[in-house]
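J.: Got a structure here, written out as structure tokens. Questions coming.
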Amino acid sequence: MSTGESFIARVVGAFIRSKVTPLVIGFSIFLGILSVMNLPREEEPQISVPVFDIFVAYPGATAEEVERRIVNVGERKLWELPGVEYIYSMTQADGAIITVRFKVGEDTEKSLIKLYTKVYSNLDLLAKGGTQPLIKIRSIDDVPIMTLTFHSASLDPVGLRKVVSNLQNSVNAIPEVSETQITGGRKRQFRVLLDEQKLNARFLNALEVSDLIQRSNVKASAGHLQSRPELISVESDGFFRSREDLENVVVGVSQGGEVYLKDVASVVDGPDEEETAVSFQKGHEGPFEAVTLAVSKRKGANASHLCESILKRVKGLKGSVIPADVSYEVTRNYGETAEEKSNELLFHMALDILGVTLLMGITLGWRESGVVAIAIPMTLSLTLAGFHFLGFTLNRITLFALIFSIGILVDDPIVGVENIVRHLRMVKNKGRALIDVIVEAVQEIQSPLILATLTVIAAILPMAFVSGLMGPYMRPIPIGASLAMVFS
């Protein structure tokens with residue numbers, strides 16, 4: 001007996017005799033169940049593609065001038081950044097947008113630091129009259145995972161948007177919510193329509209009046225009120241809350257008398273003039289003017305759990321923040337669709353395990369099939385735990401990797417069990433100990449099994465090093481199959 005065979009024999013014998021073996025099996029399966037519960041569920045795998053938009057305004061310039069003095073200079077400097085793969089630009093009169101896309105797999109935070117440093121260290125090259133660049137990060141997590149559309153037969157667009165705005169504050173407080181956005185409805189707005197003749201008669205101009213209105217609409221400290229035994233802070237609340245507040249603002253002095261805003265302008269208290277609108281119709285009801293609240297998640301957050309938390313919060317606010325005459329519909333639920341697809345793939349994976357077990361029971365025997373029925377879930381459980389520690393999510397690619405792994409990892413237990421059965425039949429009624437027969441059967445095939453396992457890993461693992469967009473997208477397949485083969 002060689003040294004390798006002696007080692008294998010000791011390992012196999014130790015696991016057969018040890019009472020800890022059932023605990024190891026149970027713990028492995030428990031670890032897999034825990035991983036399935038805690039792994040974030042998504043439809044598609046998360047791919048790191050750092051993309052940034054740079055906004056530069058150049059008031060008064062034509063599109064050709066913006067391209068020549070802003071875009072061309074900016075692109076030339078941005079191409080100096082390491083890791084940049086593409087640069088796109090959109091030029092129009094008065095400004096431009098430059099989009100910088102780094103290579104797939106580049107760290108987003110490090111890419112942002114490099115871009116920020118490059119832009120603000122070259123501000124001396126910015127054309128005179130151009131505004132300071134604004135950098136905005138773009139991410140796959142910016143795509144809303146849930147949209148709620150609110151409508152009411154009694155509220156006007158201004159009142160409906162106010163209700164959704166109050167709800168937005170509550171939703172923002174939910175952990176793992178990154179951004180919320182309201183679309184539709186109308187904001188309340190004061191519009192000041194200046195009368196040019198009245199302004200000229202009182203020696204005023206529109207710029208002065210506009211600046212004075214803005215400076216009056218503030219909240220500032222007015223000192224302290226000292227009263228025993230405490231000191232009370234006093235603030236002047238200058239926010240305009242009604243049309244009358246705005247009309248009574250003093251905008252100047254003419255002919256020894258005060259000039260109020262209502263003397264030189266008319267003030268309209270009403271909805272804004274935004275062009276975005278949302279219309280909702282369900283069956284034969286409607287259409288209603290509606291407001292949509294879109295919610296995005298933080299990176300790495302569990303989409304299905306977060307969507308459940310959002311719906312629970314919204315239902316709990318019905319009747320308080322959300323009036324009884326306001327109805328809502330879930331018009332997008334990414335967490336629900338991700339949950340359904342994940343559960344469907346998990347169901348098919350269970351069917352695959354059941355099919356292999358039944359096939360083993362028919363060909364070798366039901367006792368032997370029980371070994372495979374334990375070995376495959378144990379291996380997949382450890383693979384799922386590996387996914388959890390490697391930072392993968394539970395999506396169609398990782399689950400496909402597990403289903404794909406069943407077809408190749410099942411060979412090891414089948415070959416092992418079949419050879420053990422053959423040896424047991426050969427030594428039947430010869431008085432040999434069962435453990436000795438099992439160890440001998442495993443020793444006989446251990447070298448080919450190890451070689452076959454390493455061959456499969458060597459064949460599929462190089463897929464994990466594919467570059468480009470398909471690399472990180474398909475990476476869970478070779479990594480998951482290799483982990484399953486090692487654990488098997």
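Labels used: A, B, ... for chains in the order of the structure tokens, numbers from 1 for residues in each chain, and numbers from 1 for ligands as shown.
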Apply DSSP to the backbone of this structure and, from stretch 47-225 of chain A, keep only the residues in strand (DSSP E or B); write these as a CSV table (one decimal) with all heavy atoms, in the first residue's frame.
T.:
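Contents of selection33.csv, freshly written:
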chain,number,residue,atom,x,y,z
A,51,VAL,N,-19.2,54.5,-14.8
A,51,VAL,CA,-19.6,55.4,-15.9
A,51,VAL,C,-19.9,56.8,-15.2
A,51,VAL,O,-20.6,56.8,-14.1
A,51,VAL,CB,-20.8,55.0,-16.6
A,51,VAL,CG1,-21.2,56.0,-17.7
A,51,VAL,CG2,-20.6,53.6,-17.3
A,52,PHE,N,-19.3,57.9,-15.7
A,52,PHE,CA,-19.5,59.2,-15.1
A,52,PHE,C,-19.9,60.2,-16.2
A,52,PHE,O,-19.4,60.1,-17.3
A,52,PHE,CB,-18.2,59.6,-14.4
A,52,PHE,CG,-17.6,58.7,-13.4
A,52,PHE,CD1,-16.7,57.7,-13.8
A,52,PHE,CD2,-18.1,58.7,-12.1
A,52,PHE,CE1,-16.2,56.8,-12.9
A,52,PHE,CE2,-17.6,57.7,-11.2
A,52,PHE,CZ,-16.6,56.8,-11.6
A,53,ASP,N,-20.8,61.1,-15.8
A,53,ASP,CA,-21.2,62.2,-16.7
A,53,ASP,C,-20.6,63.5,-16.1
A,53,ASP,O,-20.6,63.8,-14.9
A,53,ASP,CB,-22.7,62.4,-16.7
A,53,ASP,CG,-23.4,61.3,-17.6
A,53,ASP,OD1,-22.7,60.7,-18.4
A,53,ASP,OD2,-24.6,61.0,-17.4
A,54,ILE,N,-20.0,64.3,-17.0
A,54,ILE,CA,-19.4,65.6,-16.7
A,54,ILE,C,-20.2,66.7,-17.4
A,54,ILE,O,-20.2,66.7,-18.6
A,54,ILE,CB,-17.9,65.6,-17.1
A,54,ILE,CG1,-17.1,64.5,-16.5
A,54,ILE,CG2,-17.3,67.0,-16.6
A,54,ILE,CD1,-15.7,64.4,-16.9
A,55,PHE,N,-20.8,67.5,-16.6
A,55,PHE,CA,-21.7,68.6,-17.2
A,55,PHE,C,-20.9,69.9,-17.1
A,55,PHE,O,-20.4,70.3,-16.0
A,55,PHE,CB,-23.0,68.8,-16.4
A,55,PHE,CG,-23.8,67.5,-16.4
A,55,PHE,CD1,-23.6,66.5,-15.4
A,55,PHE,CD2,-24.8,67.4,-17.3
A,55,PHE,CE1,-24.4,65.4,-15.4
A,55,PHE,CE2,-25.6,66.2,-17.3
A,55,PHE,CZ,-25.4,65.2,-16.4
A,56,VAL,N,-20.7,70.6,-18.2
A,56,VAL,CA,-20.1,71.9,-18.3
A,56,VAL,C,-21.0,72.8,-19.0
A,56,VAL,O,-21.3,72.6,-20.2
A,56,VAL,CB,-18.7,71.8,-19.0
A,56,VAL,CG1,-18.0,73.1,-18.9
A,56,VAL,CG2,-17.8,70.7,-18.3
A,57,ALA,N,-21.3,73.9,-18.4
A,57,ALA,CA,-22.1,75.0,-19.0
A,57,ALA,C,-21.2,76.1,-19.5
A,57,ALA,O,-20.2,76.4,-18.9
A,57,ALA,CB,-23.1,75.6,-18.0
A,84,VAL,N,-9.5,54.1,-18.7
A,84,VAL,CA,-10.7,54.6,-19.5
A,84,VAL,C,-10.8,53.8,-20.8
A,84,VAL,O,-9.8,53.6,-21.5
A,84,VAL,CB,-10.4,56.1,-19.8
A,84,VAL,CG1,-11.5,56.6,-20.8
A,84,VAL,CG2,-10.5,57.0,-18.6
A,85,GLU,N,-12.0,53.4,-21.1
A,85,GLU,CA,-12.3,52.6,-22.3
A,85,GLU,C,-13.0,53.4,-23.4
A,85,GLU,O,-12.7,53.3,-24.6
A,85,GLU,CB,-13.1,51.3,-21.9
A,85,GLU,CG,-13.2,50.4,-23.1
A,85,GLU,CD,-13.8,49.0,-22.7
A,85,GLU,OE1,-14.4,49.0,-21.6
A,85,GLU,OE2,-13.7,48.1,-23.4
A,86,TYR,N,-14.0,54.2,-23.0
A,86,TYR,CA,-14.7,55.0,-24.0
A,86,TYR,C,-15.0,56.4,-23.4
A,86,TYR,O,-15.1,56.5,-22.2
A,86,TYR,CB,-16.1,54.3,-24.3
A,86,TYR,CG,-16.0,53.0,-25.0
A,86,TYR,CD1,-16.2,51.8,-24.3
A,86,TYR,CD2,-15.6,52.9,-26.3
A,86,TYR,CE1,-16.2,50.6,-24.9
A,86,TYR,CE2,-15.5,51.6,-26.9
A,86,TYR,CZ,-15.8,50.5,-26.2
A,86,TYR,OH,-15.7,49.3,-26.8
A,87,ILE,N,-15.1,57.3,-24.3
A,87,ILE,CA,-15.5,58.7,-24.0
A,87,ILE,C,-16.5,59.1,-25.0
A,87,ILE,O,-16.2,59.1,-26.2
A,87,ILE,CB,-14.3,59.7,-23.9
A,87,ILE,CG1,-13.3,59.3,-22.8
A,87,ILE,CG2,-14.8,61.1,-23.7
A,87,ILE,CD1,-12.1,60.2,-22.7
A,88,TYR,N,-17.7,59.5,-24.5
A,88,TYR,CA,-18.7,60.0,-25.4
A,88,TYR,C,-19.0,61.5,-25.0
A,88,TYR,O,-18.8,61.9,-23.9
A,88,TYR,CB,-20.0,59.2,-25.3
A,88,TYR,CG,-19.8,57.7,-25.2
A,88,TYR,CD1,-19.7,57.1,-24.0
A,88,TYR,CD2,-19.9,57.0,-26.4
A,88,TYR,CE1,-19.5,55.7,-24.0
A,88,TYR,CE2,-19.7,55.6,-26.4
A,88,TYR,CZ,-19.5,55.0,-25.2
A,88,TYR,OH,-19.4,53.6,-25.1
A,89,SER,N,-19.4,62.3,-26.0
A,89,SER,CA,-19.8,63.7,-25.7
A,89,SER,C,-21.0,64.1,-26.5
A,89,SER,O,-21.2,63.6,-27.6
A,89,SER,CB,-18.6,64.6,-26.0
A,89,SER,OG,-18.2,64.5,-27.4
A,90,MET,N,-21.8,65.0,-25.9
A,90,MET,CA,-22.9,65.5,-26.5
A,90,MET,C,-22.8,67.1,-26.3
A,90,MET,O,-22.8,67.6,-25.2
A,90,MET,CB,-24.2,65.0,-25.9
A,90,MET,CG,-25.5,65.5,-26.6
A,90,MET,SD,-27.0,64.9,-25.8
A,90,MET,CE,-27.0,65.7,-24.2
A,91,THR,N,-22.8,67.7,-27.5
A,91,THR,CA,-22.6,69.2,-27.5
A,91,THR,C,-23.8,69.9,-27.9
A,91,THR,O,-24.5,69.4,-28.9
A,91,THR,CB,-21.4,69.5,-28.4
A,91,THR,OG1,-20.3,68.8,-28.0
A,91,THR,CG2,-21.1,71.0,-28.3
A,92,GLN,N,-24.1,71.0,-27.3
A,92,GLN,CA,-25.3,71.8,-27.7
A,92,GLN,C,-24.9,73.3,-27.3
A,92,GLN,O,-23.9,73.5,-26.7
A,92,GLN,CB,-26.6,71.4,-27.0
A,92,GLN,CG,-26.5,71.5,-25.5
A,92,GLN,CD,-27.8,71.0,-24.9
A,92,GLN,OE1,-28.6,70.3,-25.5
A,92,GLN,NE2,-28.0,71.4,-23.6
A,95,GLY,N,-23.5,74.6,-23.6
A,95,GLY,CA,-22.9,73.6,-22.7
A,95,GLY,C,-22.8,72.3,-23.4
A,95,GLY,O,-23.1,72.1,-24.6
A,96,ALA,N,-22.2,71.3,-22.6
A,96,ALA,CA,-21.9,70.0,-23.1
A,96,ALA,C,-21.9,69.0,-22.0
A,96,ALA,O,-21.8,69.3,-20.8
A,96,ALA,CB,-20.6,69.9,-23.8
A,97,ILE,N,-22.1,67.7,-22.4
A,97,ILE,CA,-22.0,66.6,-21.5
A,97,ILE,C,-21.0,65.6,-22.0
A,97,ILE,O,-21.1,65.2,-23.2
A,97,ILE,CB,-23.4,65.8,-21.3
A,97,ILE,CG1,-24.5,66.8,-20.8
A,97,ILE,CG2,-23.2,64.6,-20.4
A,97,ILE,CD1,-25.8,66.1,-20.8
A,98,ILE,N,-20.0,65.3,-21.2
A,98,ILE,CA,-19.0,64.3,-21.5
A,98,ILE,C,-19.1,63.1,-20.7
A,98,ILE,O,-19.1,63.2,-19.4
A,98,ILE,CB,-17.6,64.9,-21.4
A,98,ILE,CG1,-17.4,66.2,-22.2
A,98,ILE,CG2,-16.5,63.9,-21.8
A,98,ILE,CD1,-16.1,66.9,-22.0
A,99,THR,N,-19.3,62.0,-21.3
A,99,THR,CA,-19.5,60.7,-20.6
A,99,THR,C,-18.2,59.9,-20.6
A,99,THR,O,-17.7,59.6,-21.7
A,99,THR,CB,-20.7,59.9,-21.1
A,99,THR,OG1,-21.9,60.7,-21.1
A,99,THR,CG2,-20.9,58.6,-20.4
A,100,VAL,N,-17.7,59.5,-19.5
A,100,VAL,CA,-16.5,58.7,-19.4
A,100,VAL,C,-16.8,57.3,-18.9
A,100,VAL,O,-17.4,57.2,-17.8
A,100,VAL,CB,-15.4,59.4,-18.5
A,100,VAL,CG1,-14.1,58.6,-18.4
A,100,VAL,CG2,-15.2,60.8,-18.9
A,101,ARG,N,-16.5,56.3,-19.6
A,101,ARG,CA,-16.7,54.9,-19.2
A,101,ARG,C,-15.4,54.2,-19.0
A,101,ARG,O,-14.6,54.1,-20.0
A,101,ARG,CB,-17.6,54.2,-20.2
A,101,ARG,CG,-18.1,52.9,-19.7
A,101,ARG,CD,-18.8,52.1,-20.8
A,101,ARG,NE,-18.0,50.9,-21.1
A,101,ARG,CZ,-18.4,50.0,-22.0
A,101,ARG,NH1,-19.4,50.2,-22.8
A,101,ARG,NH2,-17.6,48.9,-22.3
A,102,PHE,N,-15.2,53.7,-17.9
A,102,PHE,CA,-14.0,52.9,-17.6
A,102,PHE,C,-14.1,51.5,-18.0
A,102,PHE,O,-15.2,51.0,-18.3
A,102,PHE,CB,-13.6,53.0,-16.1
A,102,PHE,CG,-13.0,54.4,-15.7
A,102,PHE,CD1,-13.9,55.5,-15.5
A,102,PHE,CD2,-11.7,54.5,-15.5
A,102,PHE,CE1,-13.3,56.7,-15.2
A,102,PHE,CE2,-11.2,55.8,-15.1
A,102,PHE,CZ,-12.0,56.9,-14.9
A,134,LEU,N,-19.5,69.7,-13.3
A,134,LEU,CA,-20.2,68.9,-12.3
A,134,LEU,C,-20.1,67.4,-12.7
A,134,LEU,O,-20.5,67.1,-13.9
A,134,LEU,CB,-21.7,69.3,-12.3
A,134,LEU,CG,-22.7,68.5,-11.5
A,134,LEU,CD1,-22.3,68.6,-10.0
A,134,LEU,CD2,-24.1,68.9,-11.7
A,135,ILE,N,-19.7,66.6,-11.8
A,135,ILE,CA,-19.5,65.2,-12.1
A,135,ILE,C,-20.6,64.4,-11.4
A,135,ILE,O,-20.8,64.5,-10.2
A,135,ILE,CB,-18.1,64.7,-11.6
A,135,ILE,CG1,-17.0,65.5,-12.3
A,135,ILE,CG2,-17.9,63.2,-11.9
A,135,ILE,CD1,-15.6,65.2,-11.8
A,136,LYS,N,-21.3,63.5,-12.2
A,136,LYS,CA,-22.3,62.7,-11.7
A,136,LYS,C,-22.0,61.2,-12.0
A,136,LYS,O,-21.6,60.9,-13.2
A,136,LYS,CB,-23.7,63.0,-12.3
A,136,LYS,CG,-24.2,64.4,-12.0
A,136,LYS,CD,-24.7,64.5,-10.6
A,136,LYS,CE,-26.0,63.8,-10.5
A,136,LYS,NZ,-26.6,63.9,-9.1
A,137,ILE,N,-22.1,60.3,-11.0
A,137,ILE,CA,-21.8,58.9,-11.2
A,137,ILE,C,-23.1,58.2,-11.7
A,137,ILE,O,-24.2,58.5,-11.3
A,137,ILE,CB,-21.3,58.3,-9.9
A,137,ILE,CG1,-20.9,56.8,-10.2
A,137,ILE,CG2,-22.3,58.4,-8.8
A,137,ILE,CD1,-20.2,56.2,-9.0
A,138,ARG,N,-22.9,57.3,-12.7
A,138,ARG,CA,-24.0,56.5,-13.2
A,138,ARG,C,-23.7,55.0,-12.8
A,138,ARG,O,-22.6,54.5,-13.0
A,138,ARG,CB,-24.1,56.6,-14.7
A,138,ARG,CG,-24.4,58.1,-15.2
A,138,ARG,CD,-25.7,58.6,-14.6
A,138,ARG,NE,-25.9,60.0,-15.0
A,138,ARG,CZ,-26.8,60.8,-14.4
A,138,ARG,NH1,-27.5,60.3,-13.4
A,138,ARG,NH2,-27.0,62.0,-14.8
A,146,MET,N,-38.4,49.5,-7.7
A,146,MET,CA,-39.8,49.5,-7.5
A,146,MET,C,-40.4,50.9,-7.9
A,146,MET,O,-39.7,51.9,-7.6
A,146,MET,CB,-40.1,49.3,-6.0
A,146,MET,CG,-41.6,49.5,-5.6
A,146,MET,SD,-42.0,48.8,-4.0
A,146,MET,CE,-42.2,47.1,-4.4
A,147,THR,N,-41.6,50.9,-8.5
A,147,THR,CA,-42.3,52.1,-8.8
A,147,THR,C,-43.7,52.0,-8.3
A,147,THR,O,-44.4,51.0,-8.5
A,147,THR,CB,-42.3,52.5,-10.3
A,147,THR,OG1,-42.8,51.4,-11.0
A,147,THR,CG2,-40.9,52.7,-10.8
A,148,LEU,N,-44.2,53.0,-7.6
A,148,LEU,CA,-45.5,53.1,-7.1
A,148,LEU,C,-46.2,54.2,-7.7
A,148,LEU,O,-45.7,55.4,-7.7
A,148,LEU,CB,-45.5,53.2,-5.6
A,148,LEU,CG,-44.8,52.1,-4.8
A,148,LEU,CD1,-44.7,52.6,-3.3
A,148,LEU,CD2,-45.6,50.8,-4.8
A,149,THR,N,-47.4,54.0,-8.3
A,149,THR,CA,-48.1,55.0,-9.0
A,149,THR,C,-49.4,55.4,-8.2
A,149,THR,O,-50.2,54.5,-7.9
A,149,THR,CB,-48.5,54.6,-10.4
A,149,THR,OG1,-47.3,54.3,-11.2
A,149,THR,CG2,-49.3,55.7,-11.2
A,150,PHE,N,-49.5,56.6,-7.8
A,150,PHE,CA,-50.6,57.1,-7.0
A,150,PHE,C,-51.6,57.9,-7.8
A,150,PHE,O,-51.2,58.7,-8.7
A,150,PHE,CB,-50.1,58.0,-5.8
A,150,PHE,CG,-49.1,57.2,-4.9
A,150,PHE,CD1,-47.8,57.0,-5.2
A,150,PHE,CD2,-49.6,56.7,-3.7
A,150,PHE,CE1,-47.0,56.4,-4.4
A,150,PHE,CE2,-48.8,56.1,-2.8
A,150,PHE,CZ,-47.4,55.9,-3.2
A,151,HIS,N,-52.9,57.7,-7.5
A,151,HIS,CA,-53.9,58.5,-8.2
A,151,HIS,C,-55.1,58.7,-7.3
A,151,HIS,O,-55.3,58.0,-6.3
A,151,HIS,CB,-54.4,57.7,-9.5
A,151,HIS,CG,-54.9,56.4,-9.2
A,151,HIS,ND1,-56.2,56.1,-9.0
A,151,HIS,CD2,-54.2,55.2,-9.1
A,151,HIS,CE1,-56.4,54.8,-8.7
A,151,HIS,NE2,-55.2,54.2,-8.8
A,152,SER,N,-55.8,59.8,-7.6
A,152,SER,CA,-57.0,60.2,-6.8
A,152,SER,C,-58.0,60.9,-7.6
A,152,SER,O,-57.6,61.6,-8.5
A,152,SER,CB,-56.5,61.1,-5.6
A,152,SER,OG,-57.6,61.5,-4.9
A,177,VAL,N,-32.2,51.9,1.0
A,177,VAL,CA,-32.8,52.7,-0.1
A,177,VAL,C,-31.8,53.8,-0.4
A,177,VAL,O,-31.3,54.6,0.5
A,177,VAL,CB,-34.1,53.4,0.3
A,177,VAL,CG1,-34.5,54.4,-0.7
A,177,VAL,CG2,-35.2,52.3,0.4
A,178,SER,N,-31.4,53.9,-1.7
A,178,SER,CA,-30.3,54.9,-2.0
A,178,SER,C,-30.9,56.2,-2.6
A,178,SER,O,-30.4,57.3,-2.3
A,178,SER,CB,-29.4,54.3,-3.1
A,178,SER,OG,-30.1,54.0,-4.3
A,179,GLU,N,-32.0,56.1,-3.4
A,179,GLU,CA,-32.5,57.2,-4.1
A,179,GLU,C,-34.0,57.1,-4.4
A,179,GLU,O,-34.4,56.0,-4.7
A,179,GLU,CB,-31.7,57.5,-5.4
A,179,GLU,CG,-32.1,58.8,-6.1
A,179,GLU,CD,-31.3,59.0,-7.3
A,179,GLU,OE1,-30.5,58.1,-7.7
A,179,GLU,OE2,-31.4,60.1,-8.0
A,180,THR,N,-34.7,58.1,-4.3
A,180,THR,CA,-36.1,58.1,-4.7
A,180,THR,C,-36.4,59.3,-5.6
A,180,THR,O,-35.7,60.3,-5.5
A,180,THR,CB,-37.1,58.2,-3.4
A,180,THR,OG1,-36.7,59.4,-2.7
A,180,THR,CG2,-36.9,57.0,-2.6
A,181,GLN,N,-37.3,59.1,-6.5
A,181,GLN,CA,-37.6,60.2,-7.5
A,181,GLN,C,-39.1,60.2,-7.7
A,181,GLN,O,-39.7,59.2,-7.9
A,181,GLN,CB,-36.8,59.9,-8.8
A,181,GLN,CG,-37.0,61.0,-9.8
A,181,GLN,CD,-36.2,60.8,-11.1
A,181,GLN,OE1,-35.5,59.7,-11.2
A,181,GLN,NE2,-36.2,61.7,-12.0
A,182,ILE,N,-39.6,61.4,-7.8
A,182,ILE,CA,-41.0,61.6,-8.1
A,182,ILE,C,-41.2,62.1,-9.5
A,182,ILE,O,-40.5,63.1,-9.9
A,182,ILE,CB,-41.6,62.7,-7.1
A,182,ILE,CG1,-41.5,62.1,-5.6
A,182,ILE,CG2,-43.1,62.9,-7.4
A,182,ILE,CD1,-42.1,63.1,-4.6
A,183,THR,N,-42.1,61.5,-10.2
A,183,THR,CA,-42.5,61.9,-11.6
A,183,THR,C,-44.0,62.2,-11.7
A,183,THR,O,-44.8,61.4,-11.2
A,183,THR,CB,-42.1,60.8,-12.6
A,183,THR,OG1,-40.7,60.5,-12.4
A,183,THR,CG2,-42.3,61.3,-14.0
A,184,GLY,N,-44.3,63.3,-12.3
A,184,GLY,CA,-45.7,63.6,-12.5
A,184,GLY,C,-46.2,64.6,-11.4
A,184,GLY,O,-45.5,65.0,-10.5
A,188,ARG,N,-46.2,73.2,-6.1
A,188,ARG,CA,-46.8,74.5,-5.9
A,188,ARG,C,-45.7,75.6,-6.2
A,188,ARG,O,-44.5,75.4,-5.8
A,188,ARG,CB,-47.2,74.6,-4.4
A,188,ARG,CG,-47.9,76.0,-4.1
A,188,ARG,CD,-48.1,76.1,-2.6
A,188,ARG,NE,-48.7,77.3,-2.2
A,188,ARG,CZ,-48.8,77.8,-1.0
A,188,ARG,NH1,-48.3,77.1,0.0
A,188,ARG,NH2,-49.4,79.0,-0.7
A,189,GLN,N,-46.1,76.6,-6.9
A,189,GLN,CA,-45.2,77.6,-7.3
A,189,GLN,C,-45.8,79.0,-7.3
A,189,GLN,O,-47.0,79.2,-7.7
A,189,GLN,CB,-44.7,77.3,-8.7
A,189,GLN,CG,-43.7,78.2,-9.3
A,189,GLN,CD,-43.3,77.8,-10.7
A,189,GLN,OE1,-44.1,78.0,-11.6
A,189,GLN,NE2,-42.1,77.3,-10.9
A,190,PHE,N,-45.0,80.0,-6.8
A,190,PHE,CA,-45.4,81.4,-6.9
A,190,PHE,C,-44.8,82.0,-8.2
A,190,PHE,O,-43.6,82.0,-8.3
A,190,PHE,CB,-45.0,82.2,-5.7
A,190,PHE,CG,-45.7,81.8,-4.4
A,190,PHE,CD1,-44.9,81.3,-3.4
A,190,PHE,CD2,-47.0,82.1,-4.2
A,190,PHE,CE1,-45.6,80.9,-2.2
A,190,PHE,CE2,-47.7,81.7,-3.1
A,190,PHE,CZ,-46.9,81.2,-2.0
A,191,ARG,N,-45.6,82.5,-9.1
A,191,ARG,CA,-45.2,83.1,-10.3
A,191,ARG,C,-45.4,84.7,-10.2
A,191,ARG,O,-46.5,85.1,-9.9
A,191,ARG,CB,-45.9,82.6,-11.5
A,191,ARG,CG,-45.4,81.2,-11.9
A,191,ARG,CD,-46.0,80.8,-13.2
A,191,ARG,NE,-47.5,80.7,-13.1
A,191,ARG,CZ,-48.3,80.7,-14.2
A,191,ARG,NH1,-47.8,80.8,-15.4
A,191,ARG,NH2,-49.6,80.5,-14.0
A,192,VAL,N,-44.3,85.4,-10.4
A,192,VAL,CA,-44.3,86.8,-10.3
A,192,VAL,C,-44.3,87.4,-11.7
A,192,VAL,O,-43.3,87.2,-12.4
A,192,VAL,CB,-43.2,87.4,-9.4
A,192,VAL,CG1,-43.2,88.9,-9.4
A,192,VAL,CG2,-43.2,86.8,-8.0
A,193,LEU,N,-45.4,88.1,-12.1
A,193,LEU,CA,-45.5,88.7,-13.4
A,193,LEU,C,-45.3,90.2,-13.3
A,193,LEU,O,-46.2,90.9,-12.9
A,193,LEU,CB,-46.8,88.3,-14.0
A,193,LEU,CG,-47.2,86.9,-14.1
A,193,LEU,CD1,-48.6,86.6,-14.6
A,193,LEU,CD2,-46.2,86.1,-14.9
A,194,LEU,N,-44.1,90.6,-13.6
A,194,LEU,CA,-43.7,92.1,-13.5
A,194,LEU,C,-44.3,92.9,-14.6
A,194,LEU,O,-44.4,92.5,-15.7
A,194,LEU,CB,-42.2,92.2,-13.4
A,194,LEU,CG,-41.5,91.5,-12.3
A,194,LEU,CD1,-40.0,91.6,-12.5
A,194,LEU,CD2,-41.8,92.2,-11.0
A,219,LYS,N,-34.6,82.1,6.1
A,219,LYS,CA,-34.8,82.0,7.6
A,219,LYS,C,-33.5,82.2,8.2
A,219,LYS,O,-32.5,81.6,8.0
A,219,LYS,CB,-35.3,80.5,7.9
A,219,LYS,CG,-35.7,80.3,9.3
A,219,LYS,CD,-36.3,78.9,9.5
A,219,LYS,CE,-36.7,78.7,11.0
A,219,LYS,NZ,-37.3,77.4,11.1
A,220,ALA,N,-33.4,83.2,9.1
A,220,ALA,CA,-32.2,83.7,9.7
A,220,ALA,C,-32.3,83.9,11.2
A,220,ALA,O,-33.4,84.0,11.7
A,220,ALA,CB,-31.7,85.0,9.1
A,221,SER,N,-31.2,83.9,11.9
A,221,SER,CA,-31.2,84.1,13.3
A,221,SER,C,-31.4,85.6,13.6
A,221,SER,O,-30.8,86.4,13.0
A,221,SER,CB,-29.8,83.6,13.9
A,221,SER,OG,-29.8,83.9,15.3
A,222,ALA,N,-32.3,85.8,14.6
A,222,ALA,CA,-32.5,87.2,15.0
A,222,ALA,C,-32.0,87.5,16.4
A,222,ALA,O,-32.5,88.5,17.1
A,222,ALA,CB,-34.1,87.5,14.9
A,223,GLY,N,-31.1,86.7,16.9
A,223,GLY,CA,-30.5,87.0,18.2
A,223,GLY,C,-31.1,86.1,19.2
A,223,GLY,O,-31.6,85.0,18.9
A,224,HIS,N,-30.9,86.5,20.5
A,224,HIS,CA,-31.4,85.7,21.7
A,224,HIS,C,-32.3,86.5,22.6
A,224,HIS,O,-32.1,87.7,22.7
A,224,HIS,CB,-30.2,85.2,22.5
A,224,HIS,CG,-29.3,84.3,21.7
A,224,HIS,ND1,-28.3,84.8,20.9
A,224,HIS,CD2,-29.2,82.9,21.5
A,224,HIS,CE1,-27.6,83.8,20.3
A,224,HIS,NE2,-28.2,82.7,20.7
A,225,LEU,N,-33.2,85.8,23.2
A,225,LEU,CA,-34.0,86.4,24.2
A,225,LEU,C,-33.6,85.8,25.6
A,225,LEU,O,-33.8,84.7,25.8
A,225,LEU,CB,-35.5,86.1,23.9
A,225,LEU,CG,-36.5,86.6,24.9
A,225,LEU,CD1,-36.5,88.1,24.9
A,225,LEU,CD2,-37.9,86.1,24.6
J.: Got a sec: who's within 12 Å of A:Val372, counting only C-alpha atoms, leaving out chain neighbours fewer than 4 positions off, as a ChimeraX atom specification?
T.: /A:353-361,364-368,376-379,406,409-418,488
J.: Using only C-alpha atoms, pick whichever of A:Phe280, A:Phe389, A:Phe404, A:Phe239 has the shortest atom-to-atom distance to A:Val330.
T.: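 Nearest candidate to A:Val330 out of A:Phe280, A:Phe389, A:Phe404, A:Phe239: A:Phe280.
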J.: I'd like to know which residues of stretch 77-300 of chain A are helix (DSSP H, G or I) (by DSSP, run on the backbone); could you write them as a VMD selection string?
T.: chain A and resid 77 to 78 108 to 120 123 to 125 140 to 142 157 to 172 196 to 201 206 to 216 243 to 247 261 to 264
J.: What is the atom CA of A:Leu483-atom CA of A:Thr393 distance in Å, reported with one decimal?
T.: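 One can read the atom CA of A:Leu483 to atom CA of A:Thr393 distance as 15.8 Å.
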J.: Could you tell me how far atom CA of A:Lys299 lies from atom CA of A:Gln46, in Å and to one decimal?
T.: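 For atom CA of A:Lys299 relative to atom CA of A:Gln46, the distance reads 8.8 Å.
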J.: Report, in Å to a single decimal, how far apart atom CA of A:Phe347 and atom CA of A:Thr453 are.
T.: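 That distance, rounded to one decimal, is 26.7 Å.
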